[in-house]
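What follows is the content of input_6.cif, which has mmCIF, C-alpha atoms:
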```
data_input
loop_
_atom_site.label_atom_id
_atom_site.label_comp_id
_atom_site.auth_asym_id
_atom_site.auth_seq_id
_atom_site.Cartn_x
_atom_site.Cartn_y
_atom_site.Cartn_z
CA MET A 1 -25.64 -17.54 -36.56
CA ILE A 2 -23.61 -18.44 -33.49
CA ARG A 3 -20.50 -20.48 -34.32
CA VAL A 4 -18.31 -19.98 -31.24
CA ILE A 5 -19.05 -19.98 -27.51
CA THR A 6 -16.37 -18.82 -25.10
CA PHE A 7 -16.41 -19.35 -21.35
CA ASP A 8 -14.87 -17.63 -18.40
CA LEU A 9 -13.62 -20.28 -15.96
CA ASP A 10 -13.27 -19.13 -12.33
CA ASP A 11 -16.65 -18.52 -10.67
CA THR A 12 -18.40 -19.42 -13.92
CA LEU A 13 -17.73 -23.17 -14.05
CA TRP A 14 -16.48 -23.56 -10.45
CA ALA A 15 -16.07 -21.47 -7.30
CA VAL A 16 -12.54 -20.11 -7.23
CA ASP A 17 -12.17 -18.88 -3.62
CA PRO A 18 -12.09 -22.36 -2.03
CA VAL A 19 -9.69 -23.52 -4.74
CA ILE A 20 -7.22 -20.71 -4.04
CA LYS A 21 -7.59 -21.15 -0.29
CA LYS A 22 -6.72 -24.83 -0.53
CA ALA A 23 -3.89 -24.14 -3.00
CA ASN A 24 -2.38 -21.58 -0.63
CA GLN A 25 -2.57 -24.10 2.21
CA THR A 26 -0.87 -26.73 0.06
CA LEU A 27 1.82 -24.25 -0.96
CA TYR A 28 2.42 -23.15 2.62
CA ARG A 29 2.86 -26.77 3.75
CA TRP A 30 5.36 -27.31 0.93
CA LEU A 31 7.29 -24.19 1.97
CA SER A 32 7.31 -25.28 5.63
CA GLU A 33 9.01 -28.53 4.54
CA ARG A 34 11.29 -27.29 1.75
CA ALA A 35 11.94 -23.64 2.69
CA PRO A 36 11.28 -23.40 6.45
CA ALA A 37 12.85 -19.94 6.76
CA PHE A 38 9.93 -18.63 4.67
CA THR A 39 7.27 -19.97 7.02
CA GLU A 40 9.25 -18.78 10.03
CA ARG A 41 9.07 -15.26 8.59
CA TYR A 42 5.58 -15.29 7.03
CA GLN A 43 2.13 -16.56 7.94
CA ILE A 44 -0.23 -17.91 5.30
CA SER A 45 -2.28 -14.72 5.65
CA ASP A 46 0.77 -12.75 4.47
CA PHE A 47 0.33 -14.03 0.89
CA ALA A 48 -2.27 -11.31 0.24
CA THR A 49 0.01 -8.58 1.58
CA LEU A 50 2.93 -9.86 -0.47
CA GLN A 51 0.74 -9.88 -3.58
CA ARG A 52 -0.23 -6.24 -3.07
CA GLN A 53 3.40 -5.29 -2.56
CA VAL A 54 4.47 -7.11 -5.72
CA VAL A 55 1.80 -5.34 -7.80
CA GLU A 56 2.79 -1.97 -6.33
CA ARG A 57 6.42 -2.58 -7.32
CA HIS A 58 5.57 -4.15 -10.69
CA PRO A 59 2.30 -2.59 -11.92
CA HIS A 60 2.95 -3.98 -15.41
CA TRP A 61 2.33 -7.44 -13.90
CA ALA A 62 -1.17 -6.54 -12.70
CA HIS A 63 -2.87 -8.54 -15.48
CA SER A 64 -0.88 -11.72 -14.77
CA VAL A 65 -1.72 -13.81 -11.71
CA THR A 66 1.17 -16.09 -12.68
CA ALA A 67 3.75 -13.29 -12.69
CA ILE A 68 2.38 -11.99 -9.38
CA ARG A 69 2.54 -15.43 -7.74
CA LEU A 70 6.09 -15.99 -8.98
CA GLY A 71 7.02 -12.53 -7.70
CA VAL A 72 5.56 -13.32 -4.27
CA LEU A 73 7.57 -16.53 -4.06
CA ARG A 74 10.81 -15.01 -5.29
CA GLU A 75 10.66 -11.88 -3.13
CA GLY A 76 9.46 -13.78 -0.07
CA LEU A 77 12.19 -16.39 -0.41
CA ILE A 78 14.88 -13.75 -0.94
CA ALA A 79 13.69 -11.91 2.18
CA SER A 80 13.91 -15.26 4.02
CA GLY A 81 17.58 -15.66 3.09
CA TYR A 82 17.47 -17.89 0.02
CA HIS A 83 19.47 -16.99 -3.08
CA GLY A 84 21.23 -18.28 -6.17
CA ARG A 85 20.47 -21.67 -7.68
CA GLN A 86 18.64 -22.82 -4.57
CA LEU A 87 16.31 -19.83 -4.82
CA GLU A 88 15.45 -20.44 -8.47
CA GLN A 89 14.77 -24.13 -7.84
CA GLN A 90 12.54 -23.31 -4.88
CA VAL A 91 10.56 -20.73 -6.84
CA GLU A 92 9.99 -23.16 -9.71
CA GLN A 93 9.10 -26.11 -7.51
CA ALA A 94 6.90 -24.08 -5.17
CA PHE A 95 4.96 -22.62 -8.09
CA ASP A 96 4.50 -26.09 -9.60
CA CYS A 97 3.11 -27.24 -6.25
CA PHE A 98 0.70 -24.32 -6.12
CA LEU A 99 -0.40 -24.72 -9.73
CA LYS A 100 -1.18 -28.40 -9.31
CA ALA A 101 -3.42 -27.63 -6.33
CA ARG A 102 -4.91 -24.60 -8.08
CA ASN A 103 -6.22 -26.89 -10.82
CA GLN A 104 -8.06 -29.21 -8.44
CA VAL A 105 -11.54 -27.76 -8.93
CA ALA A 106 -15.09 -28.83 -8.08
CA PHE A 107 -17.39 -28.05 -10.99
CA PHE A 108 -20.71 -26.37 -10.39
CA ASN A 109 -23.79 -28.52 -10.87
CA HIS A 110 -24.60 -29.20 -14.54
CA ALA A 111 -21.29 -27.72 -15.81
CA ILE A 112 -20.02 -30.85 -17.55
CA HIS A 113 -23.40 -31.92 -18.93
CA MET A 114 -23.93 -28.41 -20.29
CA LEU A 115 -20.57 -28.48 -22.07
CA ASP A 116 -21.35 -31.96 -23.42
CA GLN A 117 -24.54 -30.59 -24.95
CA LEU A 118 -22.75 -27.74 -26.69
CA HIS A 119 -19.52 -29.44 -27.74
CA GLY A 120 -19.65 -30.53 -31.36
CA ARG A 121 -22.47 -28.14 -32.21
CA TYR A 122 -20.27 -25.10 -31.57
CA GLN A 123 -16.60 -24.33 -31.30
CA LEU A 124 -15.93 -23.93 -27.57
CA GLY A 125 -13.13 -21.98 -25.95
CA ALA A 126 -12.02 -20.53 -22.62
CA LEU A 127 -11.16 -16.86 -22.02
CA SER A 128 -9.80 -16.39 -18.53
CA ASN A 129 -8.06 -13.75 -16.46
CA GLY A 130 -6.76 -16.55 -14.23
CA ASN A 131 -4.22 -19.31 -14.74
CA ALA A 132 -6.34 -22.44 -14.61
CA ASP A 133 -5.22 -25.03 -17.15
CA ILE A 134 -8.08 -26.60 -19.13
CA GLU A 135 -6.14 -29.85 -19.45
CA LEU A 136 -5.32 -30.10 -15.74
CA VAL A 137 -8.86 -29.29 -14.60
CA GLY A 138 -10.21 -31.99 -16.93
CA LEU A 139 -11.76 -29.91 -19.70
CA GLY A 140 -9.30 -30.62 -22.48
CA ASP A 141 -11.85 -32.75 -24.33
CA HIS A 142 -14.51 -30.04 -24.12
CA PHE A 143 -12.63 -26.93 -25.23
CA ASP A 144 -11.07 -26.34 -28.62
CA PHE A 145 -8.85 -23.47 -27.44
CA CYS A 146 -7.96 -21.34 -24.44
CA PHE A 147 -6.61 -17.80 -24.02
CA ASN A 148 -5.70 -16.19 -20.72
CA ALA A 149 -4.50 -12.77 -19.62
CA ASP A 150 -0.91 -13.86 -19.06
CA GLN A 151 -0.76 -15.32 -22.56
CA VAL A 152 -2.15 -12.30 -24.43
CA GLY A 153 -0.73 -9.57 -22.18
CA SER A 154 -4.00 -8.00 -21.10
CA ALA A 155 -6.98 -8.92 -18.93
CA LYS A 156 -10.69 -8.66 -19.63
CA PRO A 157 -12.55 -6.31 -20.01
CA ASP A 158 -9.82 -5.11 -22.38
CA PRO A 159 -10.92 -6.42 -25.80
CA LEU A 160 -7.51 -7.87 -26.72
CA MET A 161 -8.31 -11.40 -25.51
CA PHE A 162 -11.53 -11.37 -27.51
CA GLU A 163 -9.69 -10.08 -30.56
CA LYS A 164 -7.15 -12.89 -30.28
CA MET A 165 -10.04 -15.36 -30.08
CA LEU A 166 -11.68 -13.92 -33.20
CA GLU A 167 -8.38 -14.10 -35.07
CA PHE A 168 -7.84 -17.71 -33.97
CA THR A 169 -11.34 -18.95 -34.81
CA GLY A 170 -11.90 -16.88 -37.93
CA ALA A 171 -15.34 -15.99 -36.60
CA GLN A 172 -17.03 -12.61 -36.86
CA ALA A 173 -17.91 -10.89 -33.60
CA ASN A 174 -21.63 -11.42 -34.22
CA GLU A 175 -21.02 -15.18 -34.43
CA VAL A 176 -19.74 -15.44 -30.85
CA VAL A 177 -21.32 -15.62 -27.39
CA HIS A 178 -19.15 -15.13 -24.32
CA VAL A 179 -20.36 -16.74 -21.09
CA GLY A 180 -19.22 -15.42 -17.72
CA ASP A 181 -20.13 -14.40 -14.19
CA ASN A 182 -18.45 -11.00 -13.94
CA PRO A 183 -20.51 -8.01 -15.13
CA SER A 184 -17.37 -5.99 -15.87
CA HIS A 185 -14.73 -8.47 -17.02
CA ASP A 186 -17.07 -10.75 -18.93
CA ILE A 187 -20.20 -8.87 -19.94
CA GLN A 188 -18.77 -5.42 -20.58
CA GLY A 189 -15.63 -7.02 -21.96
CA ALA A 190 -17.71 -8.94 -24.48
CA HIS A 191 -19.60 -5.81 -25.43
CA ASN A 192 -16.32 -3.92 -25.84
CA ALA A 193 -15.35 -6.52 -28.45
CA GLY A 194 -18.77 -6.55 -30.12
CA VAL A 195 -19.66 -10.13 -29.21
CA TYR A 196 -22.85 -11.36 -27.59
CA SER A 197 -22.81 -12.00 -23.85
CA LEU A 198 -24.44 -14.44 -21.45
CA TRP A 199 -24.39 -13.56 -17.76
CA VAL A 200 -24.16 -16.53 -15.38
CA ASN A 201 -26.01 -15.11 -12.37
CA LEU A 202 -25.96 -18.06 -9.98
CA GLU A 203 -26.49 -15.81 -6.94
CA GLN A 204 -29.57 -14.25 -8.55
CA ILE A 205 -28.39 -10.72 -7.82
CA LYS A 206 -29.65 -7.52 -9.39
CA TRP A 207 -27.79 -6.32 -12.47
CA PRO A 208 -25.30 -3.73 -11.13
CA GLY A 209 -25.67 -1.26 -13.98
CA GLY A 210 -24.26 -0.58 -17.42
CA THR A 211 -25.28 -2.27 -20.62
CA PRO A 212 -27.03 -5.53 -19.64
CA ALA A 213 -26.02 -8.91 -20.96
CA THR A 214 -27.58 -10.24 -24.14
CA LEU A 215 -28.69 -13.31 -22.18
CA GLU A 216 -28.92 -14.23 -18.51
CA VAL A 217 -29.19 -17.57 -16.75
CA GLN A 218 -29.43 -18.53 -13.10
CA CYS A 219 -28.33 -22.13 -13.57
CA LEU A 220 -25.71 -23.59 -15.89
CA SER A 221 -28.29 -26.07 -17.17
CA GLU A 222 -30.13 -23.15 -18.81
CA ILE A 223 -27.24 -22.16 -21.07
CA PRO A 224 -27.85 -24.44 -24.08
CA ALA A 225 -31.52 -23.48 -24.42
CA ALA A 226 -30.66 -19.77 -24.08
CA ILE A 227 -28.11 -19.99 -26.86
CA TYR A 228 -30.43 -22.03 -29.08
CA ARG A 229 -33.08 -19.32 -28.69
CA LEU A 230 -30.57 -16.62 -29.60
CA ASN A 231 -29.53 -18.62 -32.66
CA ASP A 232 -33.17 -18.93 -33.74
CA GLN A 233 -33.57 -15.15 -33.45
CA LEU A 234 -30.48 -14.57 -35.59
CA THR A 235 -31.43 -16.95 -38.40
#
```

Hey, can you dump this file as structure tokens for me?
Amino acid sequence: MIRVITFDLDDTLWAVDPVIKKANQTLYRWLSERAPAFTERYQISDFATLQRQVVERHPHWAHSVTAIRLGVLREGLIASGYHGRQLEQQVEQAFDCFLKARNQVAFFNHAIHMLDQLHGRYQLGALSNGNADIELVGLGDHFDFCFNADQVGSAKPDPLMFEKMLEFTGAQANEVVHVGDNPSHDIQGAHNAGVYSLWVNLEQIKWPGGTPATLEVQCLSEIPAAIYRLNDQLT
């Protein structure tokens, strides 16, 4: 019997690309006002290049979008001539600015109603490779717990995040369904941990290969019925 349902966040409950684009724009405006030497040296398009450079220099940060973002800010500000206490304050404040904008999301159709249907019947949690905050995005009343890659030290599809979830909930792997959009991170990650999987295929694309998901939906509104059917099969 299914007791726990876990959800990926980015591109499962909302589209992440427009969120990050807007957050980068907000951050760049903040830097132009508070650290103008940065924006004199870098264009907004340079964020991606700086991120690649940070990961190349610190490959052990590759799982953590937070560590990478902080590294981009610190290294970019140092290169722009900032240092000491001023540098540390700018890094902290700039990241806070980015994070606030990063958590301004637009939920996909049916996302909230779907969670309302499941909450209370199952224990719900978030498992994310990103750094969205379930409280700041407005899902604190829907989720009972959240684990992310920065917190556990490894990103999906590594099974560690799933193992931490199982330890936290006390559930067995065969009592859990993980819901996500990414065939590798979410579906294969779930299988690596022995839990059931539900592929959110909003684009209605062909399965790319590998072990297919236990369940598949093409609209978030289909998730409750799919899980109820799986529960019926297991009982």

### Message
Assuming the chain letters and numbering stay as they are in my file, what does the PyMOL selection byres ((chain A and resi 231) around 12) actually select? List them as a PyMOL selection string.
### Response
chain A and resi 1-5+121-122+174-177+196+215+224-230+232-235

### Task
Write out as a ChimeraX atom specification each polymer residue whose atoms come within 12 Å of A:Gln204, counting only C-alpha atoms; drop sequence neighbours fewer than 4 positions from it.
/A:181,199-200,208,216-219

### Query
What is the atom CA of A:Asp133 to atom CA of A:Arg85 distance in Å?
27.6 Å

#### Entry: Hits from the PyMOL selection byres ((chain A and resi 32-43) around 8), listed as a list in words
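What the PyMOL selection byres ((chain A and resi 32-43) around 8) grabs from the file is Tyr28, Arg29, Trp30, Leu31, Ile44, Ser45, Asp46, Phe47, Gly76, Leu77, Ser80, Gly81 and Gln90 of chain A.
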
Preceding selection exported with C-alpha atoms as a PDB file, keeping the file's coordinate frame:
```
ATOM      1  CA  TYR A  28       2.420 -23.150   2.620  1.00  0.00           C
ATOM      2  CA  ARG A  29       2.860 -26.770   3.750  1.00  0.00           C
ATOM      3  CA  TRP A  30       5.360 -27.310   0.930  1.00  0.00           C
ATOM      4  CA  LEU A  31       7.290 -24.190   1.970  1.00  0.00           C
ATOM      5  CA  ILE A  44      -0.230 -17.910   5.300  1.00  0.00           C
ATOM      6  CA  SER A  45      -2.280 -14.720   5.650  1.00  0.00           C
ATOM      7  CA  ASP A  46       0.770 -12.750   4.470  1.00  0.00           C
ATOM      8  CA  PHE A  47       0.330 -14.030   0.890  1.00  0.00           C
ATOM      9  CA  GLY A  76       9.460 -13.780  -0.070  1.00  0.00           C
ATOM     10  CA  LEU A  77      12.190 -16.390  -0.410  1.00  0.00           C
ATOM     11  CA  SER A  80      13.910 -15.260   4.020  1.00  0.00           C
ATOM     12  CA  GLY A  81      17.580 -15.660   3.090  1.00  0.00           C
ATOM     13  CA  GLN A  90      12.540 -23.310  -4.880  1.00  0.00           C
TER      14      GLN A  90
END
```

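Between atom CA of A:Leu13 and atom CA of A:Phe107 the interatomic distance comes to 5.8 Å.
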
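Picture a line from atom CA of A:Ser221 to atom CA of A:Asn109; it runs 8.1 Å.
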
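Each of A:Asn129, A:Asn201, A:Gln123, A:Gln151 was checked against A:Thr169 using all atoms listed in the file; the smallest atom-to-atom distance is that of A:Gln123.
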
Provide stretch 154-186 of chain A rebuilt to N, CA and C atoms, formatted as a PDB file, keeping the file's coordinate frame.
```
ATOM      1  N   SER A 154      -2.981  -8.930 -21.555  1.00  0.00           N
ATOM      2  CA  SER A 154      -4.000  -8.000 -21.100  1.00  0.00           C
ATOM      3  C   SER A 154      -5.188  -8.785 -20.565  1.00  0.00           C
ATOM      4  N   ALA A 155      -5.860  -8.236 -19.559  1.00  0.00           N
ATOM      5  CA  ALA A 155      -6.980  -8.920 -18.930  1.00  0.00           C
ATOM      6  C   ALA A 155      -8.309  -8.344 -19.411  1.00  0.00           C
ATOM      7  N   LYS A 156      -9.330  -9.172 -19.406  1.00  0.00           N
ATOM      8  CA  LYS A 156     -10.690  -8.660 -19.630  1.00  0.00           C
ATOM      9  C   LYS A 156     -11.006  -7.628 -18.549  1.00  0.00           C
ATOM     10  N   PRO A 157     -11.710  -6.552 -18.835  1.00  0.00           N
ATOM     11  CA  PRO A 157     -12.550  -6.310 -20.010  1.00  0.00           C
ATOM     12  C   PRO A 157     -11.842  -5.711 -21.223  1.00  0.00           C
ATOM     13  N   ASP A 158     -10.522  -5.545 -21.177  1.00  0.00           N
ATOM     14  CA  ASP A 158      -9.820  -5.110 -22.380  1.00  0.00           C
ATOM     15  C   ASP A 158     -10.189  -6.065 -23.525  1.00  0.00           C
ATOM     16  N   PRO A 159     -10.453  -5.549 -24.714  1.00  0.00           N
ATOM     17  CA  PRO A 159     -10.920  -6.420 -25.800  1.00  0.00           C
ATOM     18  C   PRO A 159      -9.851  -7.300 -26.426  1.00  0.00           C
ATOM     19  N   LEU A 160      -8.581  -7.149 -26.029  1.00  0.00           N
ATOM     20  CA  LEU A 160      -7.510  -7.870 -26.720  1.00  0.00           C
ATOM     21  C   LEU A 160      -7.709  -9.380 -26.710  1.00  0.00           C
ATOM     22  N   MET A 161      -8.122  -9.951 -25.572  1.00  0.00           N
ATOM     23  CA  MET A 161      -8.310 -11.400 -25.510  1.00  0.00           C
ATOM     24  C   MET A 161      -9.401 -11.849 -26.475  1.00  0.00           C
ATOM     25  N   PHE A 162     -10.464 -11.055 -26.566  1.00  0.00           N
ATOM     26  CA  PHE A 162     -11.530 -11.370 -27.510  1.00  0.00           C
ATOM     27  C   PHE A 162     -11.044 -11.256 -28.951  1.00  0.00           C
ATOM     28  N   GLU A 163     -10.224 -10.250 -29.209  1.00  0.00           N
ATOM     29  CA  GLU A 163      -9.690 -10.080 -30.560  1.00  0.00           C
ATOM     30  C   GLU A 163      -8.794 -11.240 -30.951  1.00  0.00           C
ATOM     31  N   LYS A 164      -7.985 -11.725 -30.004  1.00  0.00           N
ATOM     32  CA  LYS A 164      -7.150 -12.890 -30.280  1.00  0.00           C
ATOM     33  C   LYS A 164      -8.008 -14.112 -30.588  1.00  0.00           C
ATOM     34  N   MET A 165      -9.120 -14.246 -29.853  1.00  0.00           N
ATOM     35  CA  MET A 165     -10.040 -15.360 -30.080  1.00  0.00           C
ATOM     36  C   MET A 165     -10.648 -15.278 -31.480  1.00  0.00           C
ATOM     37  N   LEU A 166     -11.076 -14.085 -31.879  1.00  0.00           N
ATOM     38  CA  LEU A 166     -11.680 -13.920 -33.200  1.00  0.00           C
ATOM     39  C   LEU A 166     -10.659 -14.236 -34.297  1.00  0.00           C
ATOM     40  N   GLU A 167      -9.432 -13.807 -34.096  1.00  0.00           N
ATOM     41  CA  GLU A 167      -8.380 -14.100 -35.070  1.00  0.00           C
ATOM     42  C   GLU A 167      -8.134 -15.607 -35.158  1.00  0.00           C
ATOM     43  N   PHE A 168      -8.110 -16.272 -34.009  1.00  0.00           N
ATOM     44  CA  PHE A 168      -7.840 -17.710 -33.970  1.00  0.00           C
ATOM     45  C   PHE A 168      -8.957 -18.512 -34.626  1.00  0.00           C
ATOM     46  N   THR A 169     -10.199 -18.166 -34.318  1.00  0.00           N
ATOM     47  CA  THR A 169     -11.340 -18.950 -34.810  1.00  0.00           C
ATOM     48  C   THR A 169     -11.765 -18.565 -36.214  1.00  0.00           C
ATOM     49  N   GLY A 170     -11.419 -17.360 -36.644  1.00  0.00           N
ATOM     50  CA  GLY A 170     -11.900 -16.880 -37.930  1.00  0.00           C
ATOM     51  C   GLY A 170     -13.347 -16.450 -37.922  1.00  0.00           C
ATOM     52  N   ALA A 171     -13.936 -16.372 -36.729  1.00  0.00           N
ATOM     53  CA  ALA A 171     -15.340 -15.990 -36.600  1.00  0.00           C
ATOM     54  C   ALA A 171     -15.492 -14.474 -36.618  1.00  0.00           C
ATOM     55  N   GLN A 172     -16.666 -14.020 -37.002  1.00  0.00           N
ATOM     56  CA  GLN A 172     -17.030 -12.610 -36.860  1.00  0.00           C
ATOM     57  C   GLN A 172     -17.564 -12.400 -35.446  1.00  0.00           C
ATOM     58  N   ALA A 173     -17.476 -11.169 -34.967  1.00  0.00           N
ATOM     59  CA  ALA A 173     -17.910 -10.890 -33.600  1.00  0.00           C
ATOM     60  C   ALA A 173     -19.367 -11.287 -33.381  1.00  0.00           C
ATOM     61  N   ASN A 174     -20.211 -11.097 -34.387  1.00  0.00           N
ATOM     62  CA  ASN A 174     -21.630 -11.420 -34.220  1.00  0.00           C
ATOM     63  C   ASN A 174     -21.928 -12.916 -34.367  1.00  0.00           C
ATOM     64  N   GLU A 175     -20.868 -13.729 -34.415  1.00  0.00           N
ATOM     65  CA  GLU A 175     -21.020 -15.180 -34.430  1.00  0.00           C
ATOM     66  C   GLU A 175     -20.557 -15.813 -33.124  1.00  0.00           C
ATOM     67  N   VAL A 176     -20.333 -14.969 -32.109  1.00  0.00           N
ATOM     68  CA  VAL A 176     -19.740 -15.440 -30.850  1.00  0.00           C
ATOM     69  C   VAL A 176     -20.605 -15.024 -29.672  1.00  0.00           C
ATOM     70  N   VAL A 177     -20.742 -15.929 -28.700  1.00  0.00           N
ATOM     71  CA  VAL A 177     -21.320 -15.620 -27.390  1.00  0.00           C
ATOM     72  C   VAL A 177     -20.252 -15.885 -26.339  1.00  0.00           C
ATOM     73  N   HIS A 178     -20.045 -14.915 -25.452  1.00  0.00           N
ATOM     74  CA  HIS A 178     -19.150 -15.130 -24.320  1.00  0.00           C
ATOM     75  C   HIS A 178     -19.966 -15.316 -23.060  1.00  0.00           C
ATOM     76  N   VAL A 179     -19.627 -16.352 -22.295  1.00  0.00           N
ATOM     77  CA  VAL A 179     -20.360 -16.740 -21.090  1.00  0.00           C
ATOM     78  C   VAL A 179     -19.486 -16.455 -19.875  1.00  0.00           C
ATOM     79  N   GLY A 180     -20.020 -15.695 -18.906  1.00  0.00           N
ATOM     80  CA  GLY A 180     -19.220 -15.420 -17.720  1.00  0.00           C
ATOM     81  C   GLY A 180     -20.042 -14.862 -16.585  1.00  0.00           C
ATOM     82  N   ASP A 181     -19.436 -14.845 -15.401  1.00  0.00           N
ATOM     83  CA  ASP A 181     -20.130 -14.400 -14.190  1.00  0.00           C
ATOM     84  C   ASP A 181     -19.907 -12.943 -13.857  1.00  0.00           C
ATOM     85  N   ASN A 182     -18.833 -12.333 -14.383  1.00  0.00           N
ATOM     86  CA  ASN A 182     -18.450 -11.000 -13.940  1.00  0.00           C
ATOM     87  C   ASN A 182     -19.030  -9.920 -14.843  1.00  0.00           C
ATOM     88  N   PRO A 183     -19.874  -9.025 -14.292  1.00  0.00           N
ATOM     89  CA  PRO A 183     -20.510  -8.010 -15.130  1.00  0.00           C
ATOM     90  C   PRO A 183     -19.519  -7.105 -15.855  1.00  0.00           C
ATOM     91  N   SER A 184     -18.364  -6.849 -15.230  1.00  0.00           N
ATOM     92  CA  SER A 184     -17.370  -5.990 -15.870  1.00  0.00           C
ATOM     93  C   SER A 184     -16.460  -6.793 -16.791  1.00  0.00           C
ATOM     94  N   HIS A 185     -15.713  -7.736 -16.232  1.00  0.00           N
ATOM     95  CA  HIS A 185     -14.730  -8.470 -17.020  1.00  0.00           C
ATOM     96  C   HIS A 185     -15.367  -9.218 -18.182  1.00  0.00           C
ATOM     97  N   ASP A 186     -16.474  -9.885 -17.919  1.00  0.00           N
ATOM     98  CA  ASP A 186     -17.070 -10.750 -18.930  1.00  0.00           C
ATOM     99  C   ASP A 186     -18.112 -10.056 -19.796  1.00  0.00           C
TER     100      ASP A 186
END
```
